[in-house]
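Shown below: target-v2.cif, with mmCIF, C-alpha atoms.
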```cif
data_start
#
loop_
_atom_site.label_atom_id
_atom_site.label_comp_id
_atom_site.auth_asym_id
_atom_site.auth_seq_id
_atom_site.Cartn_x
_atom_site.Cartn_y
_atom_site.Cartn_z
CA MET Z 549 7.89 -25.30 12.16
CA ALA Z 550 8.84 -23.04 15.05
CA GLU Z 551 6.96 -21.51 17.96
CA TYR Z 552 7.59 -17.90 18.90
CA LYS Z 553 6.39 -16.36 22.17
CA SER Z 554 6.30 -12.63 22.85
CA ASP Z 555 4.50 -10.02 24.90
CA LEU Z 556 3.71 -8.03 21.76
CA LEU Z 557 3.31 -9.32 18.22
CA ILE Z 558 3.31 -6.75 15.41
CA MET Z 559 1.89 -7.81 12.05
CA GLY Z 560 3.30 -5.81 9.15
CA SER Z 561 6.47 -3.91 8.29
CA GLY Z 562 5.32 -0.63 6.80
CA PRO Z 563 5.70 2.74 8.58
CA ALA Z 564 3.12 1.71 11.21
CA GLY Z 565 4.65 -1.68 11.95
CA TYR Z 566 8.26 -0.52 12.10
CA THR Z 567 7.41 2.50 14.25
CA ALA Z 568 5.44 0.34 16.67
CA GLY Z 569 8.46 -1.96 16.89
CA ILE Z 570 10.80 0.96 17.55
CA TYR Z 571 8.66 2.24 20.41
CA ALA Z 572 8.25 -1.25 21.88
CA ALA Z 573 12.00 -1.93 21.70
CA ARG Z 574 12.84 1.35 23.43
CA ALA Z 575 10.39 0.44 26.19
CA GLY Z 576 12.13 -2.89 26.71
CA VAL Z 577 9.07 -4.90 25.70
CA ASN Z 578 9.56 -8.45 24.44
CA SER Z 579 8.17 -7.78 20.98
CA LEU Z 580 8.37 -9.29 17.52
CA ILE Z 581 7.53 -8.05 14.02
CA VAL Z 582 6.28 -10.51 11.43
CA THR Z 583 7.04 -8.60 8.24
CA GLY Z 584 4.25 -9.89 6.00
CA SER Z 585 4.31 -10.57 2.27
CA SER Z 586 5.38 -7.01 1.37
CA LYS Z 587 8.35 -6.12 3.52
CA GLY Z 588 8.52 -2.36 3.81
CA GLY Z 589 4.87 -1.90 2.84
CA GLN Z 590 3.43 0.05 -0.08
CA LEU Z 591 5.88 2.91 0.39
CA ILE Z 592 8.78 0.95 -1.12
CA ARG Z 593 6.92 1.17 -4.44
CA SER Z 594 6.42 4.90 -4.17
CA GLY Z 595 8.41 7.50 -6.05
CA TRP Z 596 9.67 10.61 -4.33
CA VAL Z 597 8.38 11.53 -0.88
CA GLU Z 598 8.34 15.28 -0.24
CA ASN Z 599 6.10 15.58 2.80
CA PHE Z 600 7.75 13.38 5.44
CA PRO Z 601 9.10 15.67 8.20
CA GLY Z 602 12.85 15.91 8.61
CA PHE Z 603 13.89 15.62 4.96
CA VAL Z 604 14.78 18.90 3.28
CA GLU Z 605 15.24 17.20 -0.08
CA PRO Z 606 12.82 14.63 -1.52
CA ILE Z 607 13.60 11.02 -0.62
CA SER Z 608 12.45 7.90 -2.43
CA GLY Z 609 9.89 5.73 -0.70
CA PHE Z 610 12.33 2.81 -0.82
CA ASP Z 611 15.13 4.79 0.83
CA LEU Z 612 12.79 6.20 3.48
CA MET Z 613 11.60 2.73 4.45
CA ASP Z 614 15.17 1.43 4.42
CA ARG Z 615 16.17 4.13 6.91
CA ILE Z 616 13.23 3.29 9.18
CA TYR Z 617 14.13 -0.40 8.91
CA GLN Z 618 17.77 0.28 9.80
CA GLN Z 619 16.66 2.37 12.78
CA ALA Z 620 14.47 -0.49 13.98
CA VAL Z 621 17.29 -3.02 13.62
CA ASN Z 622 19.77 -0.75 15.40
CA LEU Z 623 17.37 -0.51 18.35
CA GLY Z 624 17.16 -4.27 18.57
CA VAL Z 625 13.76 -4.88 17.01
CA LYS Z 626 13.27 -8.58 16.27
CA LEU Z 627 11.92 -9.36 12.80
CA ILE Z 628 10.70 -12.59 11.24
CA ASP Z 629 10.28 -12.71 7.44
CA ASP Z 630 6.97 -14.53 7.34
CA GLU Z 631 3.28 -13.80 6.83
CA ILE Z 632 0.48 -14.34 9.33
CA THR Z 633 -2.31 -16.24 7.56
CA GLU Z 634 -4.59 -17.24 10.44
CA VAL Z 635 -5.43 -15.75 13.82
CA ASP Z 636 -7.26 -16.88 16.94
CA PHE Z 637 -8.40 -13.96 19.07
CA TYR Z 638 -10.85 -15.91 21.23
CA ASP Z 639 -8.42 -16.46 24.09
CA ASN Z 640 -5.42 -14.65 25.52
CA PRO Z 641 -2.58 -15.32 24.91
CA PHE Z 642 -3.48 -15.02 21.24
CA VAL Z 643 -2.30 -17.65 18.78
CA CYS Z 644 -1.43 -16.88 15.15
CA SER Z 645 -0.26 -19.18 12.37
CA SER Z 646 1.89 -18.26 9.39
CA ALA Z 647 2.50 -19.16 5.77
CA GLY Z 648 5.84 -20.57 6.86
CA GLY Z 649 4.17 -23.02 9.20
CA ASN Z 650 5.21 -21.14 12.32
CA SER Z 651 3.13 -20.46 15.43
CA PHE Z 652 3.16 -17.08 17.19
CA ILE Z 653 1.83 -16.75 20.73
CA SER Z 654 1.49 -13.30 22.26
CA LYS Z 655 -0.23 -11.37 25.06
CA SER Z 656 -1.01 -8.43 22.78
CA ILE Z 657 -1.11 -7.71 19.06
CA ILE Z 658 -0.77 -4.70 16.79
CA ILE Z 659 -2.33 -5.18 13.36
CA ALA Z 660 -0.40 -3.14 10.79
CA THR Z 661 -0.95 -5.28 7.70
CA GLY Z 662 -1.55 -2.25 5.47
CA ALA Z 663 -3.46 -2.18 2.22
CA SER Z 664 -3.32 -3.79 -1.24
CA VAL Z 665 -3.85 -2.44 -4.73
CA LYS Z 666 -7.35 -2.35 -6.24
CA TRP Z 667 -7.54 -3.63 -9.80
CA LEU Z 668 -9.98 -2.71 -12.55
CA GLY Z 669 -11.62 -6.13 -12.53
CA LEU Z 670 -11.25 -6.76 -16.25
CA PRO Z 671 -10.45 -10.30 -17.47
CA SER Z 672 -7.96 -8.82 -19.90
CA GLU Z 673 -6.29 -6.94 -17.04
CA GLN Z 674 -5.38 -10.07 -15.08
CA LYS Z 675 -4.18 -11.75 -18.25
CA TYR Z 676 -1.50 -9.10 -18.76
CA VAL Z 677 -0.43 -8.42 -15.17
CA GLY Z 678 3.34 -8.56 -15.31
CA HIS Z 679 3.23 -8.36 -19.11
CA GLY Z 680 2.31 -4.72 -19.61
CA VAL Z 681 -0.13 -4.21 -16.73
CA SER Z 682 1.38 -2.96 -13.48
CA SER Z 683 0.50 -1.08 -10.31
CA CYS Z 684 4.01 0.22 -9.68
CA ALA Z 685 5.65 2.82 -11.90
CA THR Z 686 8.84 2.89 -9.83
CA CYS Z 687 9.14 -0.87 -10.22
CA ASP Z 688 8.43 -1.13 -13.93
CA GLY Z 689 8.66 2.32 -15.51
CA PHE Z 690 12.24 1.73 -16.67
CA PHE Z 691 11.07 -1.01 -19.06
CA TYR Z 692 8.96 1.46 -21.09
CA ARG Z 693 11.68 3.86 -22.16
CA GLY Z 694 10.65 5.79 -25.27
CA LYS Z 695 7.18 4.21 -25.37
CA GLU Z 696 3.65 5.43 -24.65
CA VAL Z 697 1.77 4.27 -21.55
CA ALA Z 698 -1.46 4.92 -19.66
CA VAL Z 699 -2.10 5.58 -15.99
CA VAL Z 700 -5.61 4.84 -14.69
CA GLY Z 701 -6.73 6.92 -11.71
CA GLY Z 702 -6.99 10.46 -10.43
CA GLY Z 703 -5.62 10.55 -6.88
CA ASN Z 704 -2.20 11.43 -5.51
CA SER Z 705 -0.80 7.99 -6.26
CA ALA Z 706 -1.94 8.05 -9.90
CA LEU Z 707 -0.54 11.52 -10.52
CA GLU Z 708 2.70 10.64 -8.78
CA GLN Z 709 3.08 7.59 -11.01
CA ALA Z 710 2.33 9.61 -14.14
CA LEU Z 711 4.98 12.20 -13.27
CA TYR Z 712 7.53 9.52 -12.48
CA LEU Z 713 6.91 7.78 -15.80
CA THR Z 714 7.67 10.96 -17.77
CA ASN Z 715 11.33 10.40 -16.83
CA TYR Z 716 11.36 7.39 -19.13
CA VAL Z 717 8.45 7.30 -21.56
CA GLU Z 718 7.53 9.35 -24.61
CA LYS Z 719 3.89 9.93 -23.62
CA VAL Z 720 1.60 9.33 -20.62
CA TYR Z 721 -2.16 9.19 -20.97
CA ILE Z 722 -4.09 9.64 -17.72
CA ILE Z 723 -7.48 7.91 -17.81
CA HIS Z 724 -9.79 9.26 -15.12
CA ARG Z 725 -13.47 8.50 -14.70
CA ARG Z 726 -14.27 11.94 -13.24
CA HIS Z 727 -13.95 15.50 -14.51
CA SER Z 728 -11.39 16.57 -11.89
CA PHE Z 729 -8.55 15.08 -9.88
CA ASN Z 730 -8.74 14.15 -6.22
CA ALA Z 731 -5.13 15.04 -5.49
CA GLU Z 732 -2.99 17.72 -3.91
CA LYS Z 733 -3.02 21.02 -5.79
CA VAL Z 734 0.75 21.07 -6.20
CA MET Z 735 0.62 17.61 -7.79
CA GLN Z 736 -2.17 18.66 -10.15
CA GLN Z 737 -0.24 21.74 -11.24
CA ARG Z 738 2.78 19.63 -12.15
CA ILE Z 739 0.55 17.36 -14.22
CA PHE Z 740 -1.04 20.26 -16.12
CA GLU Z 741 2.37 21.77 -16.87
CA ASN Z 742 3.95 18.56 -18.17
CA ARG Z 743 3.85 18.37 -21.97
CA LYS Z 744 4.33 14.61 -21.97
CA ILE Z 745 0.96 14.09 -20.25
CA THR Z 746 -2.49 14.01 -21.88
CA ILE Z 747 -5.64 13.61 -19.77
CA PHE Z 748 -8.82 11.82 -20.78
CA TRP Z 749 -11.48 13.09 -18.39
CA ASN Z 750 -14.69 11.10 -17.70
CA ASN Z 751 -13.19 7.97 -19.25
CA VAL Z 752 -12.89 4.36 -18.15
CA VAL Z 753 -10.96 1.41 -19.54
CA ASP Z 754 -13.19 -1.14 -21.22
CA GLU Z 755 -10.55 -3.57 -22.41
CA ILE Z 756 -6.81 -4.11 -22.49
CA ILE Z 757 -5.53 -5.37 -25.83
CA GLY Z 758 -2.39 -7.36 -26.38
CA THR Z 759 -0.53 -10.10 -28.17
CA GLU Z 760 -0.28 -13.78 -27.28
CA ASN Z 761 3.24 -14.67 -28.25
CA PRO Z 762 4.94 -12.89 -26.68
CA LEU Z 763 2.32 -11.98 -24.06
CA GLU Z 764 2.38 -8.17 -23.93
CA VAL Z 765 0.08 -5.15 -24.02
CA SER Z 766 -0.37 -3.31 -27.31
CA GLY Z 767 -3.27 -0.95 -26.52
CA ILE Z 768 -6.44 -0.17 -24.57
CA LYS Z 769 -10.05 0.63 -25.38
CA ILE Z 770 -11.47 3.52 -23.37
CA ARG Z 771 -15.02 4.88 -23.15
CA ASN Z 772 -16.36 8.28 -22.19
CA VAL Z 773 -18.95 7.70 -19.45
CA LYS Z 774 -20.96 10.77 -20.48
CA SER Z 775 -20.97 10.59 -24.28
CA ASP Z 776 -20.33 6.83 -24.63
CA LYS Z 777 -17.70 7.73 -27.22
CA ARG Z 778 -15.05 5.07 -27.57
CA LYS Z 779 -11.39 5.41 -28.42
CA TYR Z 780 -8.41 3.11 -28.92
CA LEU Z 781 -5.00 4.09 -27.58
CA ASP Z 782 -1.88 2.47 -28.97
CA ILE Z 783 0.24 1.98 -25.83
CA ALA Z 784 2.75 -0.48 -24.40
CA GLY Z 785 1.84 -0.38 -20.72
CA VAL Z 786 -1.01 0.26 -18.31
CA PHE Z 787 -0.41 1.40 -14.74
CA VAL Z 788 -3.46 0.93 -12.52
CA SER Z 789 -3.74 3.36 -9.60
CA ILE Z 790 -7.38 3.51 -8.51
CA GLY Z 791 -6.90 3.01 -4.81
CA HIS Z 792 -6.30 0.34 -2.22
CA HIS Z 793 -8.28 -1.90 0.08
CA PRO Z 794 -7.21 -2.68 3.66
CA ASN Z 795 -5.75 -6.11 4.33
CA THR Z 796 -8.25 -7.00 7.02
CA GLU Z 797 -10.29 -9.92 5.69
CA MET Z 798 -8.47 -12.32 8.02
CA PHE Z 799 -9.81 -10.39 11.03
CA ARG Z 800 -13.44 -10.09 9.95
CA ARG Z 801 -14.46 -13.03 12.13
CA TYR Z 802 -13.18 -11.31 15.27
CA LEU Z 803 -13.16 -7.54 14.80
CA HIS Z 804 -15.67 -4.88 13.81
CA LEU Z 805 -14.96 -3.66 10.27
CA ASP Z 806 -16.68 -0.72 8.61
CA ALA Z 807 -18.26 -0.73 5.13
CA GLY Z 808 -14.87 -0.13 3.52
CA GLY Z 809 -13.26 -3.03 5.35
CA TYR Z 810 -11.30 -0.83 7.76
CA ILE Z 811 -10.87 -1.96 11.35
CA VAL Z 812 -13.00 0.13 13.68
CA THR Z 813 -11.09 1.35 16.73
CA LYS Z 814 -12.31 3.03 19.89
CA ALA Z 815 -12.57 6.83 19.95
CA HIS Z 816 -9.18 8.55 20.20
CA SER Z 817 -7.50 5.16 20.47
CA CYS Z 818 -5.93 2.33 18.46
CA ALA Z 819 -7.72 -0.27 20.59
CA THR Z 820 -10.15 -2.64 18.88
CA ASP Z 821 -13.17 -4.27 20.49
CA ILE Z 822 -10.94 -7.10 21.73
CA ALA Z 823 -8.76 -6.24 24.74
CA GLY Z 824 -5.09 -6.51 23.82
CA VAL Z 825 -5.60 -6.19 20.06
CA PHE Z 826 -4.70 -2.85 18.46
CA ALA Z 827 -4.75 -1.55 14.89
CA ALA Z 828 -2.46 0.97 13.19
CA GLY Z 829 -1.96 2.51 9.78
CA ASP Z 830 -3.82 1.75 6.57
CA VAL Z 831 -5.90 -1.02 8.16
CA CYS Z 832 -7.87 1.57 10.10
CA THR Z 833 -7.52 4.82 8.15
CA PRO Z 834 -8.03 5.66 4.46
CA TYR Z 835 -5.51 8.50 4.36
CA ARG Z 836 -2.59 6.35 3.14
CA GLN Z 837 0.06 8.77 4.36
CA ALA Z 838 3.35 7.51 5.76
CA ILE Z 839 3.46 10.09 8.54
CA ILE Z 840 -0.06 9.22 9.69
CA ALA Z 841 0.74 5.49 9.65
CA ALA Z 842 3.95 6.06 11.60
CA GLY Z 843 2.18 8.20 14.20
CA CYS Z 844 -0.56 5.61 14.49
CA GLY Z 845 2.08 2.91 15.00
CA ALA Z 846 3.64 4.88 17.84
CA LYS Z 847 0.24 5.40 19.45
CA ALA Z 848 -0.67 1.73 19.14
CA ALA Z 849 2.65 0.72 20.70
CA LEU Z 850 2.18 3.05 23.66
CA GLU Z 851 -1.30 1.66 24.25
CA ALA Z 852 -0.08 -1.91 23.92
CA ILE Z 853 2.78 -1.25 26.35
CA HIS Z 854 0.30 0.15 28.86
CA TYR Z 855 -1.94 -2.89 28.35
CA ILE Z 856 0.91 -5.33 28.92
#
```
As structure tokens - that is how I would like this structure written.
Amino acid sequence: MAEYKSDLLIMGSGPAGYTAGIYAARAGVNSLIVTGSSKGGQLIRSGWVENFPGFVEPISGFDLMDRIYQQAVNLGVKLIDDEITEVDFYDNPFVCSSAGGNSFISKSIIIATGASVKWLGLPSEQKYVGHGVSSCATCDGFFYRGKEVAVVGGGNSALEQALYLTNYVEKVYIIHRRHSFNAEKVMQQRIFENRKITIFWNNVVDEIIGTENPLEVSGIKIRNVKSDKRKYLDIAGVFVSIGHHPNTEMFRRYLHLDAGGYIVTKAHSCATDIAGVFAAGDVCTPYRQAIIAAGCGAKAALEAIHYI
């Protein structure tokens, strides 16, 4: 067990966390990033990124985060591969404990712990996670070459995953509970033009079917929410992409969270209702865009530097 002291502790290593660290390092602040359980954040599981400024050609989410990481390291940002599991915001300096048994003491904190995948909530879903059920097409799509799979969801992330999967699979079924997508028009157009993709509008997944030995998915039962008509799809994989929830439960005792679990910050600021504690990225905004998270990280760092 080790004790780390800093003027600024940054929780999380996605675009918000890394950017906050870059700004703090350039300002000469004694800062430290605790990377969290998902180093690089959700973006490392993304496919191609086309809307991050400065890149003429698309760049993979993994490569983008690797470049931001390398920039942070080159500027002298200190990183600890650990995860904060408990915080004490009652007194300043703040004290945080980690999964690795370490103690972190800091005058100010930036919370950039990001968001986690929402699951369908089916017992059969959890049974087959890692055995045909996934939330990451870029991680697992390769294993379904020549097979048929389903993507559940209708936002940008779901459509992005569906398009990525067409590079490997024979057929992609998109299961969406509504009658239209909630995604960028350019993404929708690519979906409609792709012959490998079939859409089931107004449908939900009732059950995921599979074998026991070996443990693997063999199909899904879907249901039309308007007609109650049921259908079985013979598929090898299910990719769930129905949204995310902010990783903020640990802070509920201390900070004001809204109905969606997002940290509430002061108007035009990253400051929370505790002096010295700031929030950035997906913990306080539902947009889930790398550029917004990065900008928020820069803003939080500037405010934290001023506070220190």
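Residue nearest Z:Met559, chosen from Z:Ala575, Z:Ala706, Z:Met613, Z:Ala660 and counting all atoms listed in the file: Z:Ala660.
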Legend entry - Chain and number of each residue from the PyMOL selection byres ((chain Z and resi 602-610) around 10), as a PyMOL selection string: chain Z and resi 588-601+611-615+686+838
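We find atom CA of Z:Asn622 and atom CA of Z:Phe642 to be spaced 27.9 Å apart.
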Please produce, as CSV, a per-residue contact table for stretch 609-700 of chain Z versus stretch 715-724 of chain Z (criterion: any atom at most 8 Å away, only C-alpha atoms considered), showing the nearest atom pair and its distance in Å to one decimal, sorted by chain then residue number.
```
residue,atom,partner,partner_atom,distance
Z:Gly689,CA,Z:Tyr716,CA,6.8
Z:Phe690,CA,Z:Tyr716,CA,6.2
Z:Tyr692,CA,Z:Val717,CA,5.9
Z:Arg693,CA,Z:Tyr716,CA,4.7
Z:Gly694,CA,Z:Val717,CA,4.6
Z:Lys695,CA,Z:Val717,CA,5.1
Z:Glu696,CA,Z:Lys719,CA,4.6
Z:Val697,CA,Z:Val720,CA,5.1
Z:Ala698,CA,Z:Tyr721,CA,4.5
Z:Val699,CA,Z:Ile722,CA,4.8
Z:Val700,CA,Z:Ile723,CA,4.8
```
Inset, instruction - Given the file shown, determine the residues that the PyMOL selection byres ((chain Z and resi 821-826) around 9) selects; report them as a ChimeraX atom specification. - result: /Z:637-638,640,655-660,802-804,812-814,817-820,827-828,848-849,851-852,855-856
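When only C-alpha atoms are used to compute distances to Z:Met798, the closest of the residues Z:Ser554, Z:Asn578, Z:Ser672, Z:Thr633 turns out to be Z:Thr633.
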Inset, instruction - Return as a count of residues only the set of residues that the PyMOL selection byres ((chain Z and resi 629) around 10) yields on the displayed structure. - result: 14
Inset, instruction - Counting all atoms listed in the file, select every polymer residue within 12 Å of (-6.9, 7.6, -14.3) as defined in the file's coordinates, and provide the selection as JSON, numbers by chain. - result: {"Z": [668, 697, 698, 699, 700, 701, 702, 703, 704, 705, 706, 707, 708, 709, 710, 720, 721, 722, 723, 724, 725, 726, 727, 728, 729, 730, 731, 745, 746, 747, 748, 749, 750, 751, 752, 753, 770, 786, 787, 788, 789, 790, 791]}
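Atom CA of Z:Ala841 to atom CA of Z:Pro563 spans 5.8 Å [interatomic distance, one decimal].
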Inset, instruction - Find, counting all atoms listed in the file, the residue in Z:Ile840, Z:Leu711, Z:Pro762, Z:Gly662 that gets nearest to Z:Phe740. - result: Z:Leu711
